file start.txt (compact mmCIF, N, CA and C atoms)
# COMPACT_ATOMS: atom_id res chain seq x y z
N MET A 1 71.14 -175.44 -56.27
CA MET A 1 70.41 -176.15 -55.24
C MET A 1 70.82 -175.60 -53.88
N PHE A 2 69.83 -175.31 -53.05
CA PHE A 2 70.09 -174.79 -51.72
C PHE A 2 70.15 -175.93 -50.70
N SER A 3 70.75 -175.65 -49.59
CA SER A 3 70.80 -176.60 -48.49
C SER A 3 69.39 -176.88 -47.97
N ASP A 4 69.20 -178.05 -47.39
CA ASP A 4 67.91 -178.38 -46.78
C ASP A 4 67.55 -177.40 -45.67
N ARG A 5 68.57 -176.80 -45.07
CA ARG A 5 68.30 -175.84 -43.98
C ARG A 5 67.59 -174.60 -44.48
N THR A 6 67.65 -174.35 -45.78
CA THR A 6 66.98 -173.17 -46.33
C THR A 6 65.70 -173.55 -47.07
N ASN A 7 65.14 -174.66 -46.72
CA ASN A 7 63.94 -175.14 -47.39
C ASN A 7 62.69 -174.53 -46.77
N TRP A 8 62.60 -173.23 -46.80
CA TRP A 8 61.42 -172.56 -46.29
C TRP A 8 60.58 -172.06 -47.47
N PRO A 9 59.31 -171.75 -47.24
CA PRO A 9 58.45 -171.30 -48.34
C PRO A 9 58.97 -169.99 -48.93
N LEU A 10 59.02 -169.93 -50.24
CA LEU A 10 59.49 -168.73 -50.92
C LEU A 10 58.34 -167.89 -51.46
N THR A 11 57.13 -168.19 -51.02
CA THR A 11 55.99 -167.39 -51.45
C THR A 11 56.01 -166.06 -50.72
N ARG A 12 55.42 -165.06 -51.33
CA ARG A 12 55.37 -163.73 -50.73
C ARG A 12 54.43 -163.77 -49.52
N ASN A 13 54.89 -163.15 -48.41
CA ASN A 13 54.06 -163.10 -47.21
C ASN A 13 53.26 -161.79 -47.21
N LEU A 14 52.39 -161.63 -46.22
CA LEU A 14 51.54 -160.44 -46.17
C LEU A 14 52.35 -159.16 -46.07
N PHE A 15 53.44 -159.21 -45.34
CA PHE A 15 54.29 -158.03 -45.20
C PHE A 15 54.88 -157.64 -46.56
N THR A 16 55.42 -158.61 -47.27
CA THR A 16 56.02 -158.33 -48.57
C THR A 16 54.99 -157.80 -49.55
N ILE A 17 53.82 -158.36 -49.54
CA ILE A 17 52.74 -157.89 -50.43
C ILE A 17 52.39 -156.44 -50.11
N ALA A 18 52.22 -156.13 -48.82
CA ALA A 18 51.88 -154.76 -48.42
C ALA A 18 53.00 -153.80 -48.80
N LEU A 19 54.25 -154.21 -48.60
CA LEU A 19 55.38 -153.37 -48.95
C LEU A 19 55.42 -153.10 -50.44
N ASP A 20 55.22 -154.11 -51.25
CA ASP A 20 55.20 -153.93 -52.70
C ASP A 20 54.09 -152.99 -53.13
N GLU A 21 52.93 -153.09 -52.49
CA GLU A 21 51.81 -152.21 -52.82
C GLU A 21 52.13 -150.76 -52.48
N LEU A 22 52.75 -150.54 -51.32
CA LEU A 22 53.12 -149.17 -50.94
C LEU A 22 54.15 -148.60 -51.89
N ARG A 23 55.13 -149.40 -52.25
CA ARG A 23 56.15 -148.92 -53.20
C ARG A 23 55.53 -148.59 -54.55
N ALA A 24 54.57 -149.41 -54.98
CA ALA A 24 53.93 -149.19 -56.28
C ALA A 24 53.16 -147.88 -56.31
N THR A 25 52.64 -147.46 -55.15
CA THR A 25 51.87 -146.21 -55.11
C THR A 25 52.77 -145.00 -54.88
N GLY A 26 54.07 -145.25 -54.66
CA GLY A 26 54.99 -144.14 -54.44
C GLY A 26 54.96 -143.61 -53.03
N THR A 27 54.36 -144.34 -52.11
CA THR A 27 54.30 -143.93 -50.71
C THR A 27 55.72 -143.86 -50.14
N PRO A 28 56.10 -142.74 -49.52
CA PRO A 28 57.44 -142.65 -48.92
C PRO A 28 57.59 -143.68 -47.80
N LEU A 29 58.71 -144.38 -47.81
CA LEU A 29 58.97 -145.41 -46.82
C LEU A 29 60.35 -145.21 -46.20
N LEU A 30 60.46 -145.59 -44.97
CA LEU A 30 61.76 -145.64 -44.32
C LEU A 30 62.03 -147.11 -44.06
N ASP A 31 62.86 -147.70 -44.92
CA ASP A 31 63.12 -149.13 -44.84
C ASP A 31 64.27 -149.37 -43.88
N LEU A 32 63.96 -149.81 -42.67
CA LEU A 32 64.98 -150.05 -41.66
C LEU A 32 65.71 -151.37 -41.87
N THR A 33 65.33 -152.11 -42.90
CA THR A 33 66.03 -153.35 -43.20
C THR A 33 67.08 -153.17 -44.28
N ALA A 34 67.14 -152.00 -44.89
CA ALA A 34 68.11 -151.75 -45.96
C ALA A 34 69.52 -151.84 -45.40
N SER A 35 70.37 -152.58 -46.07
CA SER A 35 71.74 -152.74 -45.58
C SER A 35 72.76 -152.00 -46.44
N ASN A 36 72.32 -151.36 -47.49
CA ASN A 36 73.22 -150.61 -48.36
C ASN A 36 72.95 -149.12 -48.19
N PRO A 37 73.80 -148.40 -47.46
CA PRO A 37 73.53 -146.98 -47.20
C PRO A 37 73.47 -146.12 -48.45
N THR A 38 74.09 -146.58 -49.54
CA THR A 38 74.04 -145.78 -50.77
C THR A 38 72.67 -145.85 -51.42
N GLN A 39 71.81 -146.75 -50.95
CA GLN A 39 70.47 -146.89 -51.51
C GLN A 39 69.40 -146.33 -50.58
N CYS A 40 69.80 -145.63 -49.52
CA CYS A 40 68.86 -145.16 -48.50
C CYS A 40 68.47 -143.69 -48.64
N GLY A 41 68.99 -143.01 -49.62
CA GLY A 41 68.62 -141.62 -49.83
C GLY A 41 69.40 -140.62 -48.99
N PHE A 42 70.50 -141.05 -48.37
CA PHE A 42 71.32 -140.12 -47.61
C PHE A 42 72.01 -139.16 -48.57
N ARG A 43 72.22 -137.95 -48.12
CA ARG A 43 72.97 -136.99 -48.92
C ARG A 43 74.40 -136.96 -48.41
N TYR A 44 75.32 -137.27 -49.29
CA TYR A 44 76.73 -137.30 -48.95
C TYR A 44 77.45 -136.13 -49.60
N ASP A 45 78.53 -135.71 -49.00
CA ASP A 45 79.41 -134.74 -49.63
C ASP A 45 80.28 -135.52 -50.61
N SER A 46 79.74 -135.77 -51.80
CA SER A 46 80.41 -136.62 -52.77
C SER A 46 81.80 -136.11 -53.13
N ALA A 47 81.95 -134.79 -53.26
CA ALA A 47 83.25 -134.23 -53.63
C ALA A 47 84.29 -134.55 -52.56
N ALA A 48 83.93 -134.41 -51.29
CA ALA A 48 84.87 -134.69 -50.21
C ALA A 48 85.23 -136.16 -50.16
N ILE A 49 84.23 -137.02 -50.37
CA ILE A 49 84.49 -138.46 -50.34
C ILE A 49 85.40 -138.85 -51.49
N LEU A 50 85.09 -138.38 -52.68
CA LEU A 50 85.91 -138.73 -53.83
C LEU A 50 87.31 -138.13 -53.74
N SER A 51 87.43 -136.96 -53.16
CA SER A 51 88.76 -136.35 -53.05
C SER A 51 89.65 -137.14 -52.08
N ALA A 52 89.05 -137.84 -51.14
CA ALA A 52 89.84 -138.65 -50.22
C ALA A 52 90.63 -139.72 -50.96
N PHE A 53 90.12 -140.14 -52.10
CA PHE A 53 90.82 -141.16 -52.87
C PHE A 53 92.05 -140.61 -53.59
N GLN A 54 92.23 -139.30 -53.55
CA GLN A 54 93.44 -138.70 -54.11
C GLN A 54 94.62 -138.88 -53.16
N ASN A 55 94.33 -139.23 -51.91
CA ASN A 55 95.38 -139.45 -50.92
C ASN A 55 95.84 -140.90 -51.01
N PRO A 56 97.10 -141.15 -51.38
CA PRO A 56 97.58 -142.53 -51.50
C PRO A 56 97.41 -143.35 -50.22
N ALA A 57 97.38 -142.71 -49.07
CA ALA A 57 97.22 -143.44 -47.81
C ALA A 57 95.86 -144.14 -47.76
N ALA A 58 94.88 -143.63 -48.50
CA ALA A 58 93.55 -144.25 -48.51
C ALA A 58 93.58 -145.62 -49.18
N LEU A 59 94.64 -145.92 -49.91
CA LEU A 59 94.73 -147.20 -50.61
C LEU A 59 95.35 -148.29 -49.75
N THR A 60 95.79 -147.93 -48.56
CA THR A 60 96.45 -148.89 -47.68
C THR A 60 95.49 -149.35 -46.59
N TYR A 61 95.33 -150.65 -46.49
CA TYR A 61 94.52 -151.22 -45.42
C TYR A 61 95.45 -151.54 -44.26
N ASP A 62 95.25 -150.86 -43.16
CA ASP A 62 96.13 -151.02 -42.01
C ASP A 62 95.30 -151.06 -40.73
N PRO A 63 94.66 -152.20 -40.46
CA PRO A 63 93.82 -152.26 -39.26
C PRO A 63 94.64 -152.13 -37.99
N GLN A 64 94.10 -151.44 -37.03
CA GLN A 64 94.76 -151.24 -35.75
C GLN A 64 93.86 -151.81 -34.66
N PRO A 65 94.14 -152.99 -34.15
CA PRO A 65 93.23 -153.63 -33.20
C PRO A 65 93.00 -152.84 -31.92
N LYS A 66 93.94 -151.98 -31.55
CA LYS A 66 93.77 -151.17 -30.34
C LYS A 66 93.17 -149.80 -30.67
N GLY A 67 92.97 -149.50 -31.95
CA GLY A 67 92.59 -148.16 -32.37
C GLY A 67 93.84 -147.44 -32.85
N THR A 68 93.68 -146.44 -33.68
CA THR A 68 94.86 -145.76 -34.21
C THR A 68 95.60 -145.04 -33.09
N LEU A 69 96.91 -144.98 -33.22
CA LEU A 69 97.72 -144.33 -32.20
C LEU A 69 97.35 -142.85 -32.04
N PRO A 70 97.12 -142.10 -33.13
CA PRO A 70 96.71 -140.70 -32.94
C PRO A 70 95.41 -140.57 -32.13
N ALA A 71 94.47 -141.47 -32.35
CA ALA A 71 93.21 -141.42 -31.59
C ALA A 71 93.46 -141.75 -30.12
N ARG A 72 94.30 -142.75 -29.87
CA ARG A 72 94.61 -143.11 -28.48
C ARG A 72 95.37 -141.98 -27.79
N ARG A 73 96.22 -141.27 -28.53
CA ARG A 73 96.93 -140.12 -27.94
C ARG A 73 95.95 -139.01 -27.56
N GLU A 74 94.94 -138.81 -28.40
CA GLU A 74 93.93 -137.78 -28.09
C GLU A 74 93.14 -138.15 -26.84
N VAL A 75 92.81 -139.42 -26.69
CA VAL A 75 92.10 -139.86 -25.48
C VAL A 75 92.99 -139.64 -24.26
N ALA A 76 94.27 -139.97 -24.38
CA ALA A 76 95.21 -139.76 -23.26
C ALA A 76 95.31 -138.27 -22.95
N ARG A 77 95.34 -137.44 -23.98
CA ARG A 77 95.40 -135.98 -23.77
C ARG A 77 94.14 -135.49 -23.06
N TYR A 78 92.98 -136.05 -23.45
CA TYR A 78 91.72 -135.70 -22.79
C TYR A 78 91.80 -135.99 -21.29
N TYR A 79 92.28 -137.18 -20.93
CA TYR A 79 92.38 -137.53 -19.51
C TYR A 79 93.35 -136.63 -18.77
N LEU A 80 94.42 -136.25 -19.43
CA LEU A 80 95.39 -135.36 -18.79
C LEU A 80 94.80 -133.96 -18.62
N ASP A 81 94.19 -133.42 -19.68
CA ASP A 81 93.65 -132.06 -19.64
C ASP A 81 92.41 -131.93 -18.74
N ASP A 82 91.50 -132.86 -18.84
CA ASP A 82 90.22 -132.74 -18.13
C ASP A 82 90.17 -133.44 -16.79
N HIS A 83 91.06 -134.40 -16.57
CA HIS A 83 91.00 -135.18 -15.34
C HIS A 83 92.33 -135.23 -14.59
N GLN A 84 93.33 -134.53 -15.13
CA GLN A 84 94.66 -134.52 -14.53
C GLN A 84 95.15 -135.94 -14.23
N THR A 85 94.86 -136.84 -15.16
CA THR A 85 95.27 -138.23 -15.03
C THR A 85 96.14 -138.60 -16.22
N THR A 86 97.31 -139.13 -15.93
CA THR A 86 98.20 -139.55 -17.01
C THR A 86 97.86 -140.97 -17.43
N VAL A 87 97.62 -141.13 -18.72
CA VAL A 87 97.30 -142.44 -19.28
C VAL A 87 98.25 -142.69 -20.45
N ASP A 88 98.89 -143.83 -20.45
CA ASP A 88 99.76 -144.20 -21.54
C ASP A 88 98.91 -144.63 -22.73
N PRO A 89 99.04 -143.96 -23.88
CA PRO A 89 98.23 -144.35 -25.05
C PRO A 89 98.37 -145.83 -25.42
N GLU A 90 99.51 -146.43 -25.10
CA GLU A 90 99.70 -147.84 -25.41
C GLU A 90 98.84 -148.75 -24.53
N SER A 91 98.34 -148.22 -23.42
CA SER A 91 97.49 -149.03 -22.54
C SER A 91 96.01 -148.89 -22.88
N LEU A 92 95.70 -148.06 -23.88
CA LEU A 92 94.30 -147.84 -24.26
C LEU A 92 93.88 -148.75 -25.41
N PHE A 93 92.65 -149.20 -25.34
CA PHE A 93 92.03 -149.95 -26.43
C PHE A 93 90.73 -149.22 -26.77
N LEU A 94 90.59 -148.74 -27.98
CA LEU A 94 89.39 -148.05 -28.42
C LEU A 94 88.50 -149.06 -29.15
N THR A 95 87.28 -149.18 -28.68
CA THR A 95 86.35 -150.14 -29.26
C THR A 95 85.01 -149.47 -29.46
N THR A 96 84.13 -150.16 -30.13
CA THR A 96 82.76 -149.65 -30.27
C THR A 96 82.03 -149.88 -28.95
N GLN A 97 80.97 -149.13 -28.75
CA GLN A 97 80.18 -149.29 -27.54
C GLN A 97 79.29 -150.51 -27.70
N HIS A 98 79.26 -151.34 -26.69
CA HIS A 98 78.40 -152.51 -26.70
C HIS A 98 77.45 -152.39 -25.51
N GLN A 99 76.17 -152.53 -25.80
CA GLN A 99 75.19 -152.38 -24.72
C GLN A 99 74.57 -153.71 -24.39

call {"tool": "encode", "arguments": {"input": "start.txt", "output": "structure tokens"}}
result
Amino acid sequence: MFSDRTNWPLTRNLFTIALDELRATGTPLLDLTASNPTQCGFRYDSAAILSAFQNPAALTYDPQPKGTLPARREVARYYLDDHQTTVDPESLFLTTQHQ
């Protein structure tokens, strides 16, 4: 049983019907709603990915909230080399870009 908050119609809408028809005819589609990259047809270097699992370090989950120290050191090196500015890697926080 679902929550009352999810009590919306479960009938197929026009978009879903059209999508099913296109898939049935084999029409190539680029599904921008797909959330599983392994199902999107990307070509991966499978050998390189699988070989990474041979490294025991890949089995350790070690999140770094400021970004990894080697990456922060490289950013500090960039500022020193390209901008003649000294930056302490410990003062850097590497994050994703937010627009």

call {"tool": "atom_distance", "arguments": {"input": "start.txt", "atom1": "CA of Ala58 in chain A", "atom2": "CA of Thr38 in chain A"}}
result
19.7 Å

call {"tool": "atom_distance", "arguments": {"input": "start.txt", "atom1": "CA of Lys66 in chain A", "atom2": "CA of Leu50 in chain A"}}
result
27.7 Å

call {"tool": "atom_distance", "arguments": {"input": "start.txt", "atom1": "CA of Leu92 in chain A", "atom2": "CA of Leu69 in chain A"}}
result
9.3 Å

call {"tool": "residues_around", "arguments": {"input": "start.txt", "residues": "Phe93 in chain A", "least_positions_apart": "6", "cutoff": "9 Å", "atoms": "only C-alpha atoms", "output": "ChimeraX atom specification"}}
result
/A:65-67,72

call {"tool": "write_last_selection", "arguments": {"input": "start.txt", "atoms": "N, CA and C atoms", "output": "PDB file, in the coordinates of the input"}}
result
ATOM      1  N   PRO A  65      94.140-152.990 -34.150  1.00  0.00           N
ATOM      2  CA  PRO A  65      93.230-153.630 -33.200  1.00  0.00           C
ATOM      3  C   PRO A  65      93.000-152.840 -31.920  1.00  0.00           C
ATOM      4  N   LYS A  66      93.940-151.980 -31.550  1.00  0.00           N
ATOM      5  CA  LYS A  66      93.770-151.170 -30.340  1.00  0.00           C
ATOM      6  C   LYS A  66      93.170-149.800 -30.670  1.00  0.00           C
ATOM      7  N   GLY A  67      92.970-149.500 -31.950  1.00  0.00           N
ATOM      8  CA  GLY A  67      92.590-148.160 -32.370  1.00  0.00           C
ATOM      9  C   GLY A  67      93.840-147.440 -32.850  1.00  0.00           C
ATOM     10  N   ARG A  72      94.300-142.750 -29.870  1.00  0.00           N
ATOM     11  CA  ARG A  72      94.610-143.110 -28.480  1.00  0.00           C
ATOM     12  C   ARG A  72      95.370-141.980 -27.790  1.00  0.00           C
TER      13      ARG A  72
END

call {"tool": "select_by_dssp", "arguments": {"input": "start.txt", "residues": "chain A", "states": "helix (DSSP H, G or I)", "output": "MDAnalysis selection string"}}
result
chainID A and resid 4:6 14:25 37:39 46:52 56:59 69:83 89:91

call {"tool": "closest_residue", "arguments": {"input": "start.txt", "among": "A:Thr95, A:Thr85, A:Ser35, A:Ser51", "to": "Gln64 in chain A", "atoms": "only C-alpha atoms"}}
result
A:Thr95
